[in-house]
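To keep things clear, I will list the structure first and then write my remarks on it.
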Amino acid sequence: MTKVKIQSLSGMRDILPEDQVYFKRVQKAVESISHYYNFNRIDTPILEQAELFIKGTGADTDVVSKEMYSFRTKGGDLVVLRPEFTPSIVRSYIENGMYNLPQPVKLWTTGPLFRHERPQAGRYRQFFQFDLEVLGDKSPSIDGQIIQMTYDILKDLSFKNITIEVNSIGDSECRPYFKKILTAYFRSKKSSLCSDCQRRLKENPLRILDCKEEKCQQVKSGAPQIIDHLCEGCHAHFKQVLEFLDELELPYTLNPYLVRGLDYYTKTVFEIVEKSEDGLSQGALAGGGRYDNLVKLLGGRDTPAMGAAGGIDRIINILKTREAKPDKKQEKTNIFLAQLGQSGKRKSMKLFEEFRQAKIPVAESFSKDSLRSQLNSANKMGVKWVLIFGQKEALEDFITLRDMETGVQVEIPLDKVVEEMKQKINKLK
Ligand code: HAM
């Protein structure tokens, strides 16, 4: 019989035990900043109706048109593995009547997302984001706050050379006119565009600004800039956002061609990129913007909103290469619980649980039967004491305590052992 080697799917990977510390560290930074700013945690399902993203993210965005994992359920529903959080959170805001709560509603989450992209550095098909959303407030101060929080999370994680790229892409008042002049410009250069962009010229010329093809980048560098064509409202809003960023002393640059690849954005858009010294380029670490029309588009009331998401995988890749080892503050285990014989094993499992309830760290090796190999393990771990629970001990309800430095052994009644060990450990502190 030929052996079939089953491997993980392309673009999907395991998060091995040794990498969990990095995930924890990012999670902790996100959680503590979100709590400080009074954001509440929300979790939405991984599986959603396809319609949510077709409508919300946009039918002709790459995310929806090329990258969604979708399938039909036995009941006939077309469902997808969520490719981003924003439409799901908006759906939940509407579905759960969060517009009745005091506004704005501030939410955060983290979790896995799925996009069938071409796997490359920093690009996975299952990846993790942290996400921040504020619904129900149009003030530019919220834009400033979201940008600051995203920046602070990265700063907390010891990122040094990060910059914020920021732009305004206007709204339904000024964007249609800008689209016209942009289309006219690109049409005059049509033959120099890649085939995807020639198609985008018909669907959405703004997407051409997002194209990473060398030839399109060149054409882009002479394109008109939306910032020169903003309506009064968008102009005033953007000016105030920049004033907030100045006041907060955040390092930003204006990127007049930043449009972002999702359909719902209005006014402010931003990305945080790392100016890498080691050439490790994986694209933006985080990105976001205002989406004042999305709640209405998905069937809710007219509700302005702003948010951002950060790519946890990309953040961790960089943390790892820099060997910024997270502090592993695991309490040292000073006690090893060794057992011998069936009833010794059973009773020591019970005793182990009593230690856990008393919050005293204890190591064990219940799967081993030989006392010698258990003592070897205890030695390797460098514990101070071994508690031996053998046949005789189990029968007479006591435990033998062996001091590993001196080799001295004493007997302790079973019902006193947790308390005695607690006192011994306290003396070590
Ligand atoms: P996004 O720019 O599509 O925005 O994703 C945000 C971040 O997720 C990116 O900057 C990147 O770090 C990470 N990311 C995206 N795709 C991948 C991938 N295939 N592999 C690894 N990391 C990836 C959004 O998703 C918006 N929902 C953000 C937002 C929230 N806008 C308003 N509120």
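Letters A, B, ... mark the chains of the structure tokens in the order given; residue numbers begin at 1 per chain; ligand numbers begin at 1, in order shown.
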
Which of segment 142-198 of chain A DSSP labels alpha helix (DSSP H), written as a PDB file with C-alpha atoms, in the first residue's frame:
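File produced: states-v3.pdb:
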```pdb
ATOM      1  CA  ILE A 142     -12.507  59.164  16.076  1.00  0.00           C
ATOM      2  CA  ASP A 143     -10.335  58.831  12.961  1.00  0.00           C
ATOM      3  CA  GLY A 144      -7.446  60.193  15.042  1.00  0.00           C
ATOM      4  CA  GLN A 145      -8.198  57.793  17.887  1.00  0.00           C
ATOM      5  CA  ILE A 146      -8.360  54.693  15.676  1.00  0.00           C
ATOM      6  CA  ILE A 147      -5.091  55.623  13.965  1.00  0.00           C
ATOM      7  CA  GLN A 148      -3.444  56.285  17.314  1.00  0.00           C
ATOM      8  CA  MET A 149      -4.638  53.004  18.835  1.00  0.00           C
ATOM      9  CA  THR A 150      -3.413  50.997  15.853  1.00  0.00           C
ATOM     10  CA  TYR A 151      -0.083  52.777  15.984  1.00  0.00           C
ATOM     11  CA  ASP A 152       0.180  52.304  19.770  1.00  0.00           C
ATOM     12  CA  ILE A 153      -0.459  48.573  19.514  1.00  0.00           C
ATOM     13  CA  LEU A 154       2.510  48.277  17.145  1.00  0.00           C
ATOM     14  CA  LYS A 155       4.616  50.570  19.333  1.00  0.00           C
ATOM     15  CA  ASP A 156       3.778  48.451  22.371  1.00  0.00           C
ATOM     16  CA  ARG A 175     -15.687  61.089  -5.660  1.00  0.00           C
ATOM     17  CA  PRO A 176     -17.848  60.702  -8.797  1.00  0.00           C
ATOM     18  CA  TYR A 177     -16.271  63.804 -10.344  1.00  0.00           C
ATOM     19  CA  PHE A 178     -12.769  62.651  -9.387  1.00  0.00           C
ATOM     20  CA  LYS A 179     -13.474  59.228 -10.905  1.00  0.00           C
ATOM     21  CA  LYS A 180     -14.302  60.963 -14.175  1.00  0.00           C
ATOM     22  CA  ILE A 181     -11.039  62.862 -14.410  1.00  0.00           C
ATOM     23  CA  LEU A 182      -9.104  59.817 -13.255  1.00  0.00           C
ATOM     24  CA  THR A 183     -10.774  57.703 -15.942  1.00  0.00           C
ATOM     25  CA  ALA A 184      -9.908  60.319 -18.567  1.00  0.00           C
ATOM     26  CA  TYR A 185      -6.269  60.282 -17.436  1.00  0.00           C
ATOM     27  CA  PHE A 186      -5.945  56.465 -17.433  1.00  0.00           C
ATOM     28  CA  ARG A 187      -7.821  56.152 -20.706  1.00  0.00           C
ATOM     29  CA  SER A 195      -4.724  43.742 -18.478  1.00  0.00           C
ATOM     30  CA  ASP A 196      -6.351  43.729 -15.012  1.00  0.00           C
ATOM     31  CA  CYS A 197      -6.188  47.514 -14.891  1.00  0.00           C
ATOM     32  CA  GLN A 198      -7.615  47.852 -18.379  1.00  0.00           C
TER      33      GLN A 198
END
```

Find the residues around Gly11 of chain A up to 8 Å (only C-alpha atoms counted), leave out those fewer than 6 positions away in its own chain, and share them as a short mmCIF file (atom, residue, chain, number, x, y, z; two decimals) with N, CA and C atoms, in the first residue's frame.
```cif
data_model
loop_
_atom_site.label_atom_id
_atom_site.label_comp_id
_atom_site.auth_asym_id
_atom_site.auth_seq_id
_atom_site.Cartn_x
_atom_site.Cartn_y
_atom_site.Cartn_z
N ARG A 118 -2.49 34.36 -3.54
CA ARG A 118 -1.29 33.62 -3.89
C ARG A 118 -0.35 33.69 -2.69
N PRO A 119 -0.01 32.53 -2.09
CA PRO A 119 0.81 32.59 -0.88
C PRO A 119 2.18 33.19 -1.17
N ARG A 123 1.76 36.68 3.36
CA ARG A 123 0.42 36.52 2.78
C ARG A 123 -0.01 35.07 2.93
N TYR A 124 -1.04 34.86 3.70
CA TYR A 124 -1.51 33.50 3.96
C TYR A 124 -2.97 33.38 3.55
N ARG A 125 -3.42 32.16 3.43
CA ARG A 125 -4.83 31.96 3.07
C ARG A 125 -5.70 31.89 4.32
N GLN A 126 -5.11 31.43 5.41
CA GLN A 126 -5.76 31.65 6.71
C GLN A 126 -4.81 32.55 7.47
#
```

Would you give me, as a tab-separated table, each residue of chain A having an atom within 9 Å of an atom of ligand 1, along with its shortest atom pair and that distance in Å to one decimal, using only C-alpha atoms and all ligand atoms and sorting by chain and residue number?
```
residue	atom	partner	partner_atom_place_in_ligand_line	distance
A:Gly11	CA	ligand 1	19 (N)	8.5
A:Thr57	CA	ligand 1	27 (N)	8.4
A:Val63	CA	ligand 1	3 (O)	7.9
A:Pro83	CA	ligand 1	25 (O)	7.4
A:Glu84	CA	ligand 1	25 (O)	4.7
A:Phe85	CA	ligand 1	27 (N)	5.4
A:Thr86	CA	ligand 1	27 (N)	4.7
A:Pro87	CA	ligand 1	27 (N)	7.7
A:Leu113	CA	ligand 1	17 (C)	8.3
A:Phe114	CA	ligand 1	19 (N)	7.3
A:Arg115	CA	ligand 1	19 (N)	5.7
A:His116	CA	ligand 1	19 (N)	7.6
A:Glu117	CA	ligand 1	19 (N)	6.1
A:Arg118	CA	ligand 1	19 (N)	8.3
A:Pro119	CA	ligand 1	19 (N)	7.6
A:Gln120	CA	ligand 1	20 (N)	8.6
A:Ala121	CA	ligand 1	20 (N)	8.6
A:Gly122	CA	ligand 1	21 (C)	5.2
A:Arg123	CA	ligand 1	20 (N)	3.5
A:Tyr124	CA	ligand 1	20 (N)	4.0
A:Arg125	CA	ligand 1	19 (N)	5.4
A:Gln126	CA	ligand 1	20 (N)	6.9
A:Phe127	CA	ligand 1	21 (C)	5.0
A:Phe128	CA	ligand 1	22 (N)	6.7
A:Gln129	CA	ligand 1	8 (O)	5.7
A:Phe130	CA	ligand 1	8 (O)	8.2
A:Asp131	CA	ligand 1	30 (C)	6.0
A:Leu132	CA	ligand 1	30 (C)	6.4
A:Glu133	CA	ligand 1	33 (N)	5.7
A:Val134	CA	ligand 1	33 (N)	8.5
A:Arg260	CA	ligand 1	2 (O)	6.7
A:Gly261	CA	ligand 1	3 (O)	6.9
A:Leu262	CA	ligand 1	3 (O)	7.1
A:Tyr264	CA	ligand 1	32 (C)	8.5
A:Tyr265	CA	ligand 1	32 (C)	7.7
A:Val269	CA	ligand 1	31 (N)	8.3
A:Glu271	CA	ligand 1	10 (O)	6.8
A:Ile272	CA	ligand 1	10 (O)	7.5
A:Val273	CA	ligand 1	10 (O)	8.4
A:Gln282	CA	ligand 1	12 (O)	8.1
A:Gly283	CA	ligand 1	12 (O)	6.9
A:Ala284	CA	ligand 1	10 (O)	4.4
A:Leu285	CA	ligand 1	12 (O)	3.9
A:Ala286	CA	ligand 1	10 (O)	3.6
A:Gly287	CA	ligand 1	10 (O)	4.7
A:Gly288	CA	ligand 1	31 (N)	3.7
A:Gly289	CA	ligand 1	32 (C)	5.0
A:Arg290	CA	ligand 1	32 (C)	6.4
A:Tyr291	CA	ligand 1	32 (C)	6.9
A:Ala305	CA	ligand 1	32 (C)	8.3
A:Met306	CA	ligand 1	32 (C)	5.9
A:Gly307	CA	ligand 1	33 (N)	3.4
A:Ala308	CA	ligand 1	30 (C)	3.6
A:Ala309	CA	ligand 1	28 (C)	4.3
A:Gly310	CA	ligand 1	7 (C)	4.5
A:Gly311	CA	ligand 1	12 (O)	3.3
A:Ile312	CA	ligand 1	12 (O)	6.9
A:Asp313	CA	ligand 1	21 (C)	5.8
A:Arg314	CA	ligand 1	22 (N)	6.0
A:Ile315	CA	ligand 1	12 (O)	7.6
```

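Counting only C-alpha atoms, the residue from A:Asp228, A:Glu95, A:Glu396, A:Glu405 that sits nearest to Val295 of chain A is A:Glu95.
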
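Atom CA of Lys106 of chain A is positioned 7.2 Å from atom CA of Asn38 of chain A.
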
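Restricting the calculation to only C-alpha atoms, the smallest distance between Leu337 of chain A and any of A:Leu245, A:Leu387, A:Met98, A:Cys231 is found for A:Leu387.
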
Spatial neighbours of segment 407-424 of chain A, max dist 8 Å, only C-alpha atoms, sep filter under 6 positions, as a PDB file with C-alpha atoms, in the first residue's frame:
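Generated file (part.pdb):
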```pdb
ATOM      1  CA  GLU A 354      -5.878  19.857  44.902  1.00  0.00           C
ATOM      2  CA  PHE A 355      -2.539  21.544  44.147  1.00  0.00           C
ATOM      3  CA  ALA A 358      -4.431  25.928  45.588  1.00  0.00           C
ATOM      4  CA  ILE A 360       0.668  25.714  43.413  1.00  0.00           C
ATOM      5  CA  ASP A 397      -2.680   8.172  53.594  1.00  0.00           C
ATOM      6  CA  PHE A 398       0.663   9.873  53.894  1.00  0.00           C
ATOM      7  CA  ILE A 399       3.204  11.113  51.366  1.00  0.00           C
ATOM      8  CA  THR A 400       6.986  10.963  51.318  1.00  0.00           C
ATOM      9  CA  LEU A 401       8.689  14.282  50.759  1.00  0.00           C
TER      10      LEU A 401
END
```
